[in-house]
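S.K.: Sharing structure.tsv (TSV, C-alpha atoms and all ligand atoms) below.
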chain	number	residue	atom	x	y	z
K	29	MET	CA	35.32	-61.01	-9.13
K	30	TYR	CA	34.73	-58.81	-12.12
K	31	HIS	CA	31.54	-56.94	-12.82
K	32	LEU	CA	30.71	-54.40	-15.52
K	33	ASP	CA	27.97	-51.89	-14.94
K	34	VAL	CA	26.78	-49.72	-17.82
K	35	ARG	CA	24.70	-46.92	-16.32
K	36	HIS	CA	22.33	-44.71	-18.26
K	37	ILE	CA	24.64	-43.95	-21.17
K	38	THR	CA	23.42	-41.49	-23.79
K	39	LYS	CA	25.27	-40.37	-26.91
K	40	CYS	CA	24.06	-37.86	-29.45
K	41	PHE	CA	26.27	-37.23	-32.52
K	42	GLU	CA	24.05	-34.54	-34.02
K	43	PRO	CA	21.84	-32.33	-31.83
K	44	SER	CA	19.19	-32.28	-34.58
K	45	LEU	CA	18.99	-36.09	-34.71
K	46	MET	CA	17.74	-38.74	-32.30
K	47	PRO	CA	20.47	-39.93	-29.91
K	48	ALA	CA	22.47	-42.92	-31.24
K	49	VAL	CA	22.28	-44.37	-27.71
K	50	SER	CA	19.59	-43.30	-25.31
K	51	ASP	CA	19.76	-44.02	-21.56
K	52	ALA	CA	21.10	-47.57	-21.98
K	53	SER	CA	21.77	-49.53	-18.79
K	54	PHE	CA	22.83	-53.15	-18.27
K	55	TYR	CA	25.32	-55.17	-16.25
K	56	LEU	CA	27.61	-58.10	-16.93
K	57	GLU	CA	28.63	-60.74	-14.38
K	58	SER	CA	32.04	-62.38	-14.32
K	59	GLY	CA	32.44	-64.95	-17.11
K	60	GLU	CA	29.09	-64.05	-18.66
K	61	ILE	CA	28.42	-63.56	-22.38
K	62	PHE	CA	25.99	-60.71	-22.96
K	63	GLY	CA	24.39	-60.03	-26.34
K	64	LEU	CA	23.34	-56.66	-27.78
K	65	VAL	CA	20.96	-57.38	-30.63
K	66	GLY	CA	18.97	-55.06	-32.84
K	67	PRO	CA	18.59	-53.88	-36.42
K	68	SER	CA	21.29	-51.97	-38.26
K	69	GLY	CA	21.72	-48.40	-36.99
K	70	CYS	CA	20.10	-48.95	-33.56
K	71	GLY	CA	23.25	-47.98	-31.62
K	72	LYS	CA	25.01	-51.29	-30.89
K	73	THR	CA	28.49	-50.36	-32.16
K	74	THR	CA	28.31	-46.94	-30.50
K	75	THR	CA	27.52	-48.64	-27.18
K	76	LEU	CA	30.55	-50.96	-27.59
K	77	ARG	CA	32.83	-48.07	-28.56
K	78	ILE	CA	31.74	-46.14	-25.46
K	79	ILE	CA	32.53	-49.18	-23.25
K	80	ALA	CA	35.94	-49.56	-24.94
K	81	GLY	CA	36.69	-45.84	-24.51
K	82	PHE	CA	36.87	-44.93	-28.22
K	83	GLU	CA	33.83	-42.72	-27.82
K	84	HIS	CA	32.71	-40.54	-24.89
K	85	PRO	CA	29.08	-40.58	-23.76
K	86	ASP	CA	27.22	-37.28	-23.25
K	87	SER	CA	25.95	-38.66	-19.95
K	88	GLY	CA	26.06	-41.88	-17.96
K	89	ASP	CA	28.97	-43.90	-16.64
K	90	ILE	CA	30.74	-47.27	-16.94
K	91	LEU	CA	31.87	-49.04	-13.78
K	92	LEU	CA	34.27	-51.97	-13.46
K	93	ASP	CA	33.92	-53.68	-10.09
K	94	GLY	CA	32.21	-50.58	-8.78
K	95	VAL	CA	34.91	-48.13	-9.95
K	96	SER	CA	34.24	-45.67	-12.78
K	97	ILE	CA	36.43	-46.20	-15.86
K	98	GLY	CA	34.77	-43.33	-17.74
K	99	GLY	CA	37.90	-41.16	-17.49
K	100	LEU	CA	40.39	-43.87	-18.56
K	101	PRO	CA	41.83	-44.06	-22.10
K	102	PRO	CA	41.10	-47.29	-24.05
K	103	GLU	CA	44.52	-48.86	-23.35
K	104	LYS	CA	44.03	-48.59	-19.59
K	105	ARG	CA	40.64	-50.34	-19.56
K	106	LYS	CA	41.77	-54.00	-19.93
K	107	ILE	CA	39.13	-54.46	-22.58
K	108	GLY	CA	39.78	-56.35	-25.85
K	109	PHE	CA	37.97	-55.69	-29.13
K	110	VAL	CA	37.32	-58.18	-31.96
K	111	PHE	CA	36.04	-56.58	-35.14
K	112	GLN	CA	33.89	-57.87	-37.98
K	113	ASP	CA	36.80	-57.78	-40.46
K	114	TYR	CA	39.37	-59.54	-38.17
K	115	ALA	CA	41.85	-56.65	-38.74
K	116	LEU	CA	44.88	-58.98	-38.83
K	117	PHE	CA	48.24	-57.64	-40.00
K	118	PRO	CA	48.57	-59.09	-43.52
K	119	ASN	CA	52.39	-59.00	-43.47
K	120	ARG	CA	52.80	-60.83	-40.15
K	121	SER	CA	52.56	-64.59	-39.70
K	122	VAL	CA	49.75	-66.09	-37.63
K	123	VAL	CA	51.94	-66.40	-34.53
K	124	GLY	CA	53.36	-62.92	-35.26
K	125	ASN	CA	49.83	-61.52	-35.16
K	126	VAL	CA	49.13	-63.21	-31.83
K	127	MET	CA	52.45	-62.07	-30.37
K	128	PHE	CA	51.53	-58.50	-31.26
K	129	GLY	CA	49.05	-58.74	-28.40
K	130	LEU	CA	52.00	-59.57	-26.07
K	131	ARG	CA	54.03	-56.41	-26.64
K	132	GLY	CA	56.21	-55.51	-23.67
K	133	VAL	CA	56.48	-59.11	-22.49
K	134	ASP	CA	59.84	-60.98	-22.41
K	135	ARG	CA	60.72	-62.30	-25.87
K	136	ARG	CA	61.07	-66.02	-25.01
K	137	TYR	CA	57.91	-65.97	-22.99
K	138	ARG	CA	56.11	-64.20	-25.85
K	139	LYS	CA	56.79	-67.02	-28.32
K	140	LYS	CA	55.70	-69.69	-25.82
K	141	ARG	CA	52.54	-67.79	-24.85
K	142	GLY	CA	51.77	-67.15	-28.52
K	143	GLU	CA	51.95	-70.87	-29.22
K	144	GLU	CA	49.79	-71.68	-26.19
K	145	LEU	CA	47.12	-69.27	-27.40
K	146	LEU	CA	47.19	-70.77	-30.89
K	147	GLU	CA	46.74	-74.18	-29.33
K	148	LEU	CA	43.77	-72.84	-27.40
K	149	VAL	CA	42.10	-71.72	-30.64
K	150	GLY	CA	43.12	-74.96	-32.42
K	151	LEU	CA	45.58	-73.34	-34.87
K	152	GLU	CA	48.99	-74.45	-33.58
K	153	ARG	CA	49.83	-76.03	-36.94
K	154	GLU	CA	49.08	-72.80	-38.79
K	155	ALA	CA	51.53	-70.73	-36.67
K	156	ASP	CA	53.89	-69.88	-39.54
K	157	ARG	CA	51.27	-69.31	-42.21
K	158	MET	CA	50.21	-65.88	-43.40
K	159	PRO	CA	46.67	-64.61	-42.70
K	160	HIS	CA	45.58	-64.78	-46.38
K	161	GLU	CA	46.32	-68.53	-46.37
K	162	LEU	CA	43.61	-69.13	-43.74
K	163	SER	CA	39.84	-69.41	-44.04
K	164	GLY	CA	37.65	-66.62	-42.66
K	165	GLY	CA	36.77	-68.73	-39.61
K	166	GLN	CA	40.45	-69.43	-38.89
K	167	GLN	CA	41.31	-65.74	-39.27
K	168	GLN	CA	38.60	-64.87	-36.77
K	169	ARG	CA	40.10	-67.39	-34.32
K	170	VAL	CA	43.55	-65.76	-34.77
K	171	ALA	CA	41.97	-62.37	-34.05
K	172	LEU	CA	40.45	-63.80	-30.87
K	173	ALA	CA	43.82	-65.34	-29.82
K	174	ARG	CA	45.52	-61.96	-30.37
K	175	THR	CA	42.87	-60.25	-28.24
K	176	LEU	CA	43.15	-62.91	-25.50
K	177	ALA	CA	46.97	-62.40	-25.47
K	178	SER	CA	46.65	-59.10	-23.64
K	179	ASN	CA	44.69	-60.83	-20.84
K	180	PRO	CA	41.64	-58.62	-21.10
K	181	GLU	CA	38.99	-58.75	-18.39
K	182	LEU	CA	36.32	-58.26	-21.01
K	183	ILE	CA	36.14	-58.90	-24.77
K	184	LEU	CA	33.87	-56.90	-27.05
K	185	LEU	CA	32.86	-58.67	-30.26
K	186	ASP	CA	31.28	-56.52	-32.98
K	187	GLU	CA	29.45	-58.70	-35.53
K	188	PRO	CA	32.44	-61.10	-35.57
K	189	PHE	CA	30.70	-63.77	-37.63
K	190	SER	CA	28.97	-61.69	-40.28
K	191	ASN	CA	31.75	-62.07	-42.87
K	192	LEU	CA	31.60	-65.87	-42.70
K	193	ASP	CA	29.39	-68.02	-44.88
K	194	ALA	CA	26.47	-69.80	-43.22
K	195	ALA	CA	28.14	-73.19	-42.59
K	196	LEU	CA	31.36	-71.70	-41.24
K	197	ARG	CA	29.46	-69.18	-39.16
K	198	GLU	CA	27.78	-71.87	-37.10
K	199	THR	CA	30.95	-73.84	-36.30
K	200	THR	CA	33.03	-70.69	-35.65
K	201	ARG	CA	30.29	-69.43	-33.34
K	202	ARG	CA	30.30	-72.68	-31.39
K	203	ASP	CA	34.12	-72.75	-31.20
K	204	ILE	CA	34.37	-69.16	-30.02
K	205	ARG	CA	31.69	-69.61	-27.37
K	206	THR	CA	33.55	-72.68	-26.04
K	207	LEU	CA	36.86	-70.77	-26.08
K	208	LEU	CA	35.44	-67.81	-24.18
K	209	LYS	CA	33.91	-70.13	-21.60
K	210	CYS	CA	37.19	-72.10	-21.22
K	211	ALA	CA	39.18	-68.89	-20.84
K	212	ASP	CA	36.51	-67.67	-18.36
K	213	VAL	CA	36.46	-64.24	-20.00
K	214	SER	CA	33.39	-62.02	-19.98
K	215	ALA	CA	32.22	-60.88	-23.39
K	216	ILE	CA	29.69	-58.66	-25.10
K	217	LEU	CA	28.57	-59.79	-28.54
K	218	VAL	CA	26.96	-57.29	-30.89
K	219	THR	CA	24.83	-58.75	-33.67
K	220	HIS	CA	21.80	-57.99	-35.82
K	221	ASP	CA	21.06	-61.73	-36.03
K	222	GLN	CA	18.53	-62.73	-33.39
K	223	GLU	CA	19.23	-66.46	-33.68
K	224	GLU	CA	22.92	-65.82	-33.11
K	225	ALA	CA	22.18	-63.73	-30.02
K	226	LEU	CA	19.77	-66.32	-28.59
K	227	SER	CA	22.14	-69.25	-29.11
K	228	PHE	CA	25.49	-67.57	-28.24
K	229	CYS	CA	24.64	-65.45	-25.22
K	230	ASP	CA	23.76	-66.10	-21.58
K	231	ARG	CA	21.68	-62.92	-21.45
K	232	VAL	CA	20.54	-60.63	-24.23
K	233	GLY	CA	19.51	-56.98	-24.50
K	234	VAL	CA	17.29	-56.00	-27.43
K	235	MET	CA	18.05	-52.50	-28.78
K	236	HIS	CA	15.61	-50.39	-30.75
K	237	ALA	CA	16.34	-46.83	-31.91
K	238	GLY	CA	19.12	-46.29	-29.34
K	239	ALA	CA	17.19	-47.69	-26.36
K	240	LEU	CA	17.41	-51.09	-24.68
K	241	GLU	CA	13.83	-52.33	-24.78
K	242	GLN	CA	14.27	-55.55	-22.85
K	243	VAL	CA	17.08	-57.50	-21.17
K	244	GLY	CA	16.82	-61.12	-20.11
K	245	ARG	CA	17.79	-64.73	-20.65
K	246	PRO	CA	17.20	-65.91	-24.23
K	247	GLU	CA	14.18	-68.07	-23.28
K	248	GLU	CA	12.71	-65.25	-21.22
K	249	ILE	CA	12.80	-62.62	-23.94
K	250	TYR	CA	11.68	-65.02	-26.68
K	251	LEU	CA	8.77	-66.50	-24.71
K	252	HIS	CA	7.81	-63.36	-22.77
K	253	PRO	CA	8.54	-60.32	-24.92
K	254	GLU	CA	7.40	-57.09	-23.29
K	255	THR	CA	6.99	-55.01	-26.43
K	256	SER	CA	5.69	-55.43	-29.97
K	257	PHE	CA	9.17	-54.69	-31.32
K	258	VAL	CA	10.88	-57.38	-29.21
K	259	ALA	CA	8.17	-59.94	-30.07
K	260	GLN	CA	8.65	-59.36	-33.79
K	261	PHE	CA	12.39	-58.87	-33.86
K	262	LEU	CA	13.16	-62.15	-32.10
K	263	GLY	CA	11.10	-64.40	-34.34
K	264	ARG	CA	7.78	-64.80	-36.06
K	265	ALA	CA	4.86	-63.53	-34.01
K	266	ASN	CA	1.11	-63.36	-34.58
K	267	LEU	CA	-0.12	-60.06	-33.17
K	268	LEU	CA	-3.78	-59.59	-32.34
K	269	ARG	CA	-5.90	-57.13	-30.42
K	270	GLY	CA	-8.35	-57.96	-27.70
K	271	THR	CA	-10.10	-56.82	-24.57
K	272	ALA	CA	-8.60	-58.20	-21.39
K	273	ARG	CA	-10.46	-59.25	-18.25
K	274	GLY	CA	-7.80	-60.46	-15.81
K	275	SER	CA	-6.22	-63.68	-17.06
K	276	VAL	CA	-8.24	-63.92	-20.30
K	277	ALA	CA	-8.99	-61.69	-23.29
K	278	GLU	CA	-11.79	-61.57	-25.85
K	279	THR	CA	-10.22	-61.79	-29.30
K	280	GLU	CA	-11.16	-62.84	-32.80
K	281	LEU	CA	-9.85	-66.31	-31.84
K	282	GLY	CA	-12.40	-66.42	-28.99
K	283	THR	CA	-11.71	-66.06	-25.27
K	284	ILE	CA	-8.06	-66.94	-24.76
K	285	PRO	CA	-5.72	-67.05	-21.73
K	286	ILE	CA	-3.17	-64.22	-21.43
K	287	VAL	CA	-0.04	-63.37	-19.39
K	288	PRO	CA	0.38	-61.23	-17.41
K	289	ASP	CA	-3.13	-60.33	-16.23
K	290	ALA	CA	-4.51	-57.13	-17.75
K	291	GLU	CA	-7.71	-55.08	-18.08
K	292	GLY	CA	-9.13	-53.30	-21.12
K	293	PRO	CA	-7.76	-53.04	-24.68
K	294	VAL	CA	-4.57	-55.07	-25.22
K	295	LEU	CA	-2.13	-56.01	-27.97
K	296	LEU	CA	-1.20	-59.70	-27.76
K	297	SER	CA	1.45	-61.96	-29.27
K	298	LEU	CA	1.25	-65.67	-30.05
K	299	ARG	CA	4.27	-67.47	-31.53
K	300	PRO	CA	3.38	-69.70	-34.54
K	301	GLU	CA	4.57	-72.78	-32.61
K	302	HIS	CA	2.08	-71.97	-29.85
K	303	LEU	CA	-0.94	-72.20	-32.15
K	304	GLY	CA	-2.80	-75.44	-32.72
K	305	LEU	CA	-5.21	-76.27	-35.54
K	306	SER	CA	-8.39	-78.29	-35.34
K	307	PRO	CA	-11.14	-79.02	-37.86
K	308	ALA	CA	-13.49	-76.03	-38.15
K	309	ASP	CA	-16.24	-76.03	-35.63
K	310	THR	CA	-19.45	-76.27	-37.65
K	311	ASN	CA	-21.72	-75.65	-34.65
K	312	GLY	CA	-22.32	-72.03	-35.38
K	313	THR	CA	-19.14	-70.40	-34.00
K	314	ASN	CA	-17.40	-68.03	-36.34
K	315	HIS	CA	-13.88	-68.51	-34.95
K	316	SER	CA	-12.68	-70.36	-37.99
K	317	GLY	CA	-10.40	-69.55	-40.90
K	318	GLU	CA	-9.07	-71.10	-44.05
K	319	VAL	CA	-5.65	-72.57	-44.81
K	320	VAL	CA	-4.24	-70.37	-47.59
K	321	SER	CA	-0.73	-71.80	-47.77
K	322	ARG	CA	1.33	-74.61	-46.38
K	323	GLU	CA	5.12	-74.80	-46.14
K	324	PHE	CA	6.46	-78.32	-45.51
K	325	ARG	CA	9.81	-78.16	-43.72
K	326	GLY	CA	10.60	-81.83	-43.10
K	327	HIS	CA	10.00	-82.29	-39.40
K	328	ASP	CA	7.32	-79.60	-39.24
K	329	VAL	CA	4.87	-77.56	-41.28
K	330	THR	CA	4.00	-73.86	-41.26
K	331	PHE	CA	0.43	-73.04	-42.21
K	332	ARG	CA	-0.90	-69.61	-43.10
K	333	ILE	CA	-4.51	-69.31	-42.04
K	334	ARG	CA	-6.71	-66.45	-43.21
K	335	PHE	CA	-9.11	-65.09	-40.65
K	336	GLY	CA	-11.21	-62.33	-42.18
K	337	HIS	CA	-8.63	-59.71	-43.15
K	338	VAL	CA	-5.72	-61.13	-41.15
K	339	ASP	CA	-3.33	-64.02	-41.73
K	340	TYR	CA	-2.06	-66.14	-38.84
K	341	LEU	CA	0.98	-68.40	-38.97
K	342	ALA	CA	0.76	-71.76	-37.21
K	343	HIS	CA	3.83	-73.90	-36.95
K	344	THR	CA	2.93	-77.50	-36.13
K	345	GLU	CA	4.68	-80.86	-36.03
K	346	TYR	CA	4.15	-82.91	-39.15
K	347	THR	CA	1.10	-84.96	-38.20
K	348	GLY	CA	-0.54	-85.44	-41.55
K	349	SER	CA	-1.70	-83.27	-44.33
K	350	ILE	CA	-4.14	-80.38	-44.05
K	351	PRO	CA	-4.63	-79.22	-47.65
K	352	VAL	CA	-4.88	-75.60	-48.72
K	353	GLY	CA	-8.53	-74.54	-48.68
K	354	THR	CA	-9.40	-76.52	-45.51
K	355	LYS	CA	-11.54	-74.67	-42.96
K	356	VAL	CA	-9.85	-74.81	-39.55
K	357	SER	CA	-10.13	-73.40	-36.06
K	358	ILE	CA	-7.07	-71.97	-34.35
K	359	TYR	CA	-6.50	-72.41	-30.64
K	360	PRO	CA	-3.60	-71.18	-28.49
K	361	ARG	CA	-1.53	-73.89	-26.82
K	362	GLU	CA	0.14	-71.32	-24.57
K	363	PRO	CA	-1.28	-68.10	-23.11
K	364	ALA	CA	-0.94	-65.06	-25.39
K	365	VAL	CA	1.61	-62.50	-24.17
K	366	VAL	CA	0.43	-58.93	-23.44
K	367	LEU	CA	2.68	-56.38	-25.20
K	368	ARG	CA	3.48	-52.72	-24.86
K	369	GLU	CA	3.20	-51.14	-28.30
K	370	THR	CA	6.56	-49.73	-29.48
K	371	GLY	CA	6.32	-49.65	-33.24
K	372	LEU	CA	6.39	-52.67	-35.45
K	373	CYS	CA	9.28	-53.72	-37.59
K	374	ARG	CA	8.75	-54.53	-41.23
K	375	ARG	CA	8.71	-58.25	-40.65
K	376	ALA	CA	5.09	-58.06	-39.54
K	377	LEU	CA	2.70	-60.41	-41.26
K	378	PRO	CA	2.09	-59.20	-44.80
K	379	SER	CA	-0.77	-56.80	-45.07
K	380	VAL	CA	-3.87	-57.82	-46.92
K	381	ALA	CA	-2.86	-55.51	-49.76
K	382	HIS	CA	0.46	-57.31	-49.96
K	383	SER	CA	-1.21	-60.75	-50.03
K	384	ALA	CA	-3.67	-59.56	-52.68
K	385	ARG	CA	-0.77	-58.34	-54.84
K	386	TRP	CA	0.85	-61.78	-54.56
K	387	ALA	CA	-2.41	-63.46	-55.53
K	388	GLN	CA	-2.58	-61.19	-58.62
K	389	LEU	CA	1.00	-62.03	-59.59
K	390	LEU	CA	0.42	-65.75	-59.17
K	391	GLN	CA	-2.79	-65.52	-61.18
K	392	ALA	CA	-0.94	-63.63	-63.95
K	393	ARG	CA	1.75	-66.31	-64.06
K	394	ALA	CA	-0.83	-69.10	-64.21
K	395	ASN	CA	-2.62	-67.47	-67.18
E	1	LIG	P1	24.62	-50.28	-35.20
E	1	LIG	O1	25.98	-50.74	-34.77
E	1	LIG	O2	23.52	-50.78	-34.33
E	1	LIG	O3	24.35	-50.57	-36.64
E	1	LIG	P2	25.71	-47.60	-34.79
E	1	LIG	O4	26.02	-47.55	-33.33
E	1	LIG	O5	26.86	-47.82	-35.70
E	1	LIG	O6	24.55	-48.69	-35.05
E	1	LIG	O7	25.00	-46.26	-35.22
E	1	LIG	C1	23.90	-45.71	-34.53
E	1	LIG	C2	23.52	-44.38	-35.13
E	1	LIG	O8	24.54	-43.43	-34.89
E	1	LIG	C3	23.36	-44.43	-36.65
E	1	LIG	O9	22.31	-43.59	-37.01
E	1	LIG	C4	24.69	-43.90	-37.17
E	1	LIG	O10	24.54	-43.29	-38.42
E	1	LIG	C5	25.06	-42.88	-36.10
E	1	LIG	N1	26.52	-42.74	-35.94
E	1	LIG	C6	27.37	-43.72	-35.55
E	1	LIG	N2	28.64	-43.25	-35.48
E	1	LIG	C7	28.59	-41.94	-35.82
E	1	LIG	C8	29.57	-40.89	-35.94
E	1	LIG	N3	30.85	-41.10	-35.65
E	1	LIG	N4	29.13	-39.67	-36.33
E	1	LIG	C9	27.82	-39.44	-36.60
E	1	LIG	N5	26.85	-40.38	-36.50
E	1	LIG	C10	27.22	-41.61	-36.13
E	2	MG	MG	27.44	-51.81	-35.92
Can you present the structure in this file as structure tokens?
Ligand code: ADP
Ligand code: MG
M.R.:
Amino acid sequence: MYHLDVRHITKCFEPSLMPAVSDASFYLESGEIFGLVGPSGCGKTTTLRIIAGFEHPDSGDILLDGVSIGGLPPEKRKIGFVFQDYALFPNRSVVGNVMFGLRGVDRRYRKKRGEELLELVGLEREADRMPHELSGGQQQRVALARTLASNPELILLDEPFSNLDAALRETTRRDIRTLLKCADVSAILVTHDQEEALSFCDRVGVMHAGALEQVGRPEEIYLHPETSFVAQFLGRANLLRGTARGSVAETELGTIPIVPDAEGPVLLSLRPEHLGLSPADTNGTNHSGEVVSREFRGHDVTFRIRFGHVDYLAHTEYTGSIPVGTKVSIYPREPAVVLRETGLCRRALPSVAHSARWAQLLQARAN
């Protein structure tokens, strides 16, 4: 049984700057794929390099099966690394690259094992080709085979799909996940792409400015974000303020259910797919807004609804047309999630000023 425990690691490159990694802790079970996701510069690569032994933390420790590996050099850690740029040897054949990972092993066995690994990654027929003759996705599979050759207990993948175009990225991602699961190797994937983290990993940690803000299963962190940053980084979120009284809160959408229970002023998140629309209530309530835009996406539609100074996004199944200009009421189909406020990323809903600027530009174009 193999278990990695990352305990309270902190790394500061420049005393005058914020730490690159700040008190990060998480664990990895045997055979599990863990994701570290966050925007560029939040400390993901530094965390991986500390685990691999290329970088030393200022404090904290890394334990493998309960034993500290903090003092071991990288080559003694049984950890493999797959980089964004594949890092294949351009002057070695495909099988030559894979066999590089088998240095020190008997020569005949090396060739056989190299071929087995290529078969595992579906490239046995490309064995004698040179790396530049392969597609990016194939090169990344060779890099994985070379890393698997040294029988690592853990593989670290740093943005391994980001150099691939969109179509290839999806299939390579699926292939590599299947390969890791077949080989029963534990892995940590670093990515800035939240969809990639949610679909590739068994558990995910969301990093923000060096700190791990939340760790959990993909569904858990998407549906129950604990902070405003996590809510917004993992997908579109409508944020609103309210006053909580136990399991409900008074908000501009009316009295709505919340999780978990809270008291007093709260910041809440509602995913666009958890908002429903109904014809505006004309019986004197003022909880209604106006559809200001509509984005048809085939099987579903995203509406932008203006409520006073704020826009809400509602993502509904395609059930008929609600034209722009229609007055509607918004109701939550799931309880709103109570958030801790940790700074908002730039993908917040556009500010009113921003929307007004767009309206001006559109008007200018129409004239
Ligand atoms: P990410 O992989 O999430 O994009 P990094 O771990 O590469 O982030 O970087 C985190 C922070 O640490 C950044 O501000 C980066 O500039 C800084 N940093 C990373 N490596 C070094 C280094 N060797 N020397 C100084 N600063 C560094
Ligand atoms: Mg990085």
S.K.: Please compute the CA of Ala259 (chain K)-CA of Arg368 (chain K) distance, one decimal, in Å.
M.R.: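 These two atoms are separated by 10.1 Å.
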S.K.: Around ligand MG 2 (chain E), which protein and nucleic acid residues have at least one atom no more than 7 Å from it, if we count all atoms listed in the file? List them as a list in words.
M.R.: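 Final answer, ordered by chain and number: Ser68, Gly69, Lys72, Thr73 and Asp186 of chain K.
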S.K.: Residues of chain K that approach ligand LIG 1 (chain E) to 9 Å or less, counting all atoms listed in the file: could you list each one with the shortest pair of atoms and its distance in Å to one decimal, rows by chain and increasing residue number, as a tab-separated table?
M.R.:
residue	atom	partner	partner_atom	distance
K:Lys39	CA	E:LIG1	O8	8.6
K:Cys40	CA	E:LIG1	O8	7.8
K:Phe41	CA	E:LIG1	C9	4.9
K:Glu42	CA	E:LIG1	C9	6.7
K:Leu45	CA	E:LIG1	O9	8.5
K:Met46	CA	E:LIG1	O9	8.2
K:Pro47	CA	E:LIG1	O8	7.3
K:Ala48	CA	E:LIG1	O8	4.2
K:Val49	CA	E:LIG1	C1	7.1
K:Leu64	CA	E:LIG1	O2	8.8
K:Val65	CA	E:LIG1	O2	8.0
K:Gly66	CA	E:LIG1	O2	6.4
K:Pro67	CA	E:LIG1	O2	6.2
K:Ser68	CA	E:LIG1	O3	3.7
K:Gly69	CA	E:LIG1	O3	3.4
K:Cys70	CA	E:LIG1	O2	4.0
K:Gly71	CA	E:LIG1	O4	3.3
K:Lys72	CA	E:LIG1	O2	3.8
K:Thr73	CA	E:LIG1	O1	3.6
K:Thr74	CA	E:LIG1	O4	3.7
K:Thr75	CA	E:LIG1	O4	6.4
K:Leu76	CA	E:LIG1	O4	8.1
K:Arg77	CA	E:LIG1	O4	8.3
K:Glu83	CA	E:LIG1	N3	8.5
K:Asp186	CA	E:LIG1	O1	8.0
K:Glu187	CA	E:LIG1	O1	8.7
K:Val218	CA	E:LIG1	O1	7.7
K:Thr219	CA	E:LIG1	O2	8.1
K:His220	CA	E:LIG1	O2	7.6
K:Met235	CA	E:LIG1	O2	8.0
K:His236	CA	E:LIG1	O2	8.7
K:Ala237	CA	E:LIG1	C1	8.1
K:Gly238	CA	E:LIG1	C1	7.1
S.K.: Would you mind reading off the distance between CA of Tyr340 (chain K) and CA of Gly270 (chain K), one decimal, in Å?
M.R.: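 Going from CA of Tyr340 (chain K) over to CA of Gly270 (chain K), I get 15.2 Å.
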S.K.: Kindly give the distance, in Å, that separates CA of Met127 (chain K) and CA of Gly150 (chain K), rounded to a single decimal.
M.R.: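 Between these atoms lies a distance of 16.0 Å.
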S.K.: Select, from K:Ala272, K:Ile249, K:Ala80, K:Leu146, the residue with the minimum atom-to-atom distance to Pro288 (chain K), counting all atoms listed in the file.
M.R.: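 Looking at the shortest contact to Pro288 (chain K), the residue is K:Ala272.
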S.K.: Near region 134-138 of chain K, within 12 Å and counting only C-alpha atoms, which residues show up once chain neighbours fewer than 3 positions away are dropped, as a ChimeraX atom specification?
M.R.: /K:123-131,141-145,174,177-178
S.K.: In terms of the shortest atom-to-atom distance over all atoms listed in the file, which of K:Gln167, K:Ser53, K:Thr283, K:Thr354 is closest to Leu305 (chain K)?
M.R.: K:Thr354
S.K.: Point out the residue among K:Ala171, K:Ile79, K:Val234, K:Ile37 with the least atom-to-atom distance to Ile107 (chain K), counting all atoms listed in the file.
M.R.: K:Ile79
S.K.: May I have the protein, DNA and RNA residues with an atom at most 8 Å from (6.1, -55.4, -26.9), counting all atoms listed in the file in the file's coordinates, returned as a list in words?
M.R.: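 Within the cut-off we find Pro253, Glu254, Thr255, Ser256, Phe257, Val258, Ala259, Val366, Leu367, Arg368, Glu369 and Thr370 of chain K.
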S.K.: Write out as a list in words which residues come within 8 Å of Arg273 (chain K) when counting all atoms listed in the file, dropping same-chain ones fewer than 2 positions away.
M.R.: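 Surrounding residues, per the criterion: Thr271, Ser275, Val276, Ala277, Asp289, Ala290, Glu291 and Gly292 of chain K.
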S.K.: Identify, on the basis of only C-alpha atoms, every residue whose closest approach to Gly304 (chain K) does not exceed 9 Å; exclude the query and any residue fewer than 2 positions from it along the same chain; express the result as a ChimeraX atom specification.
M.R.: /K:300-302,306,342-344,357-361
S.K.: Here's a test: counting all atoms listed in the file, identify every protein, DNA and RNA residue with an atom at most 12 Å from (32.3, -60.2, -11.2) in the file's coordinate frame, and state them as a ChimeraX atom specification.
M.R.: /K:29-33,55-60,91-94,181-182,212-214
S.K.: Near Ala194 (chain K), counting all atoms listed in the file, which residues have an atom at most 12 Å away, once you skip same-chain residues fewer than 6 positions from it, shown as a list in words?
M.R.: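 With the cut-off at 12 Å, the set is Gly164, Gly165, Thr200, Arg201 and Glu224 of chain K.
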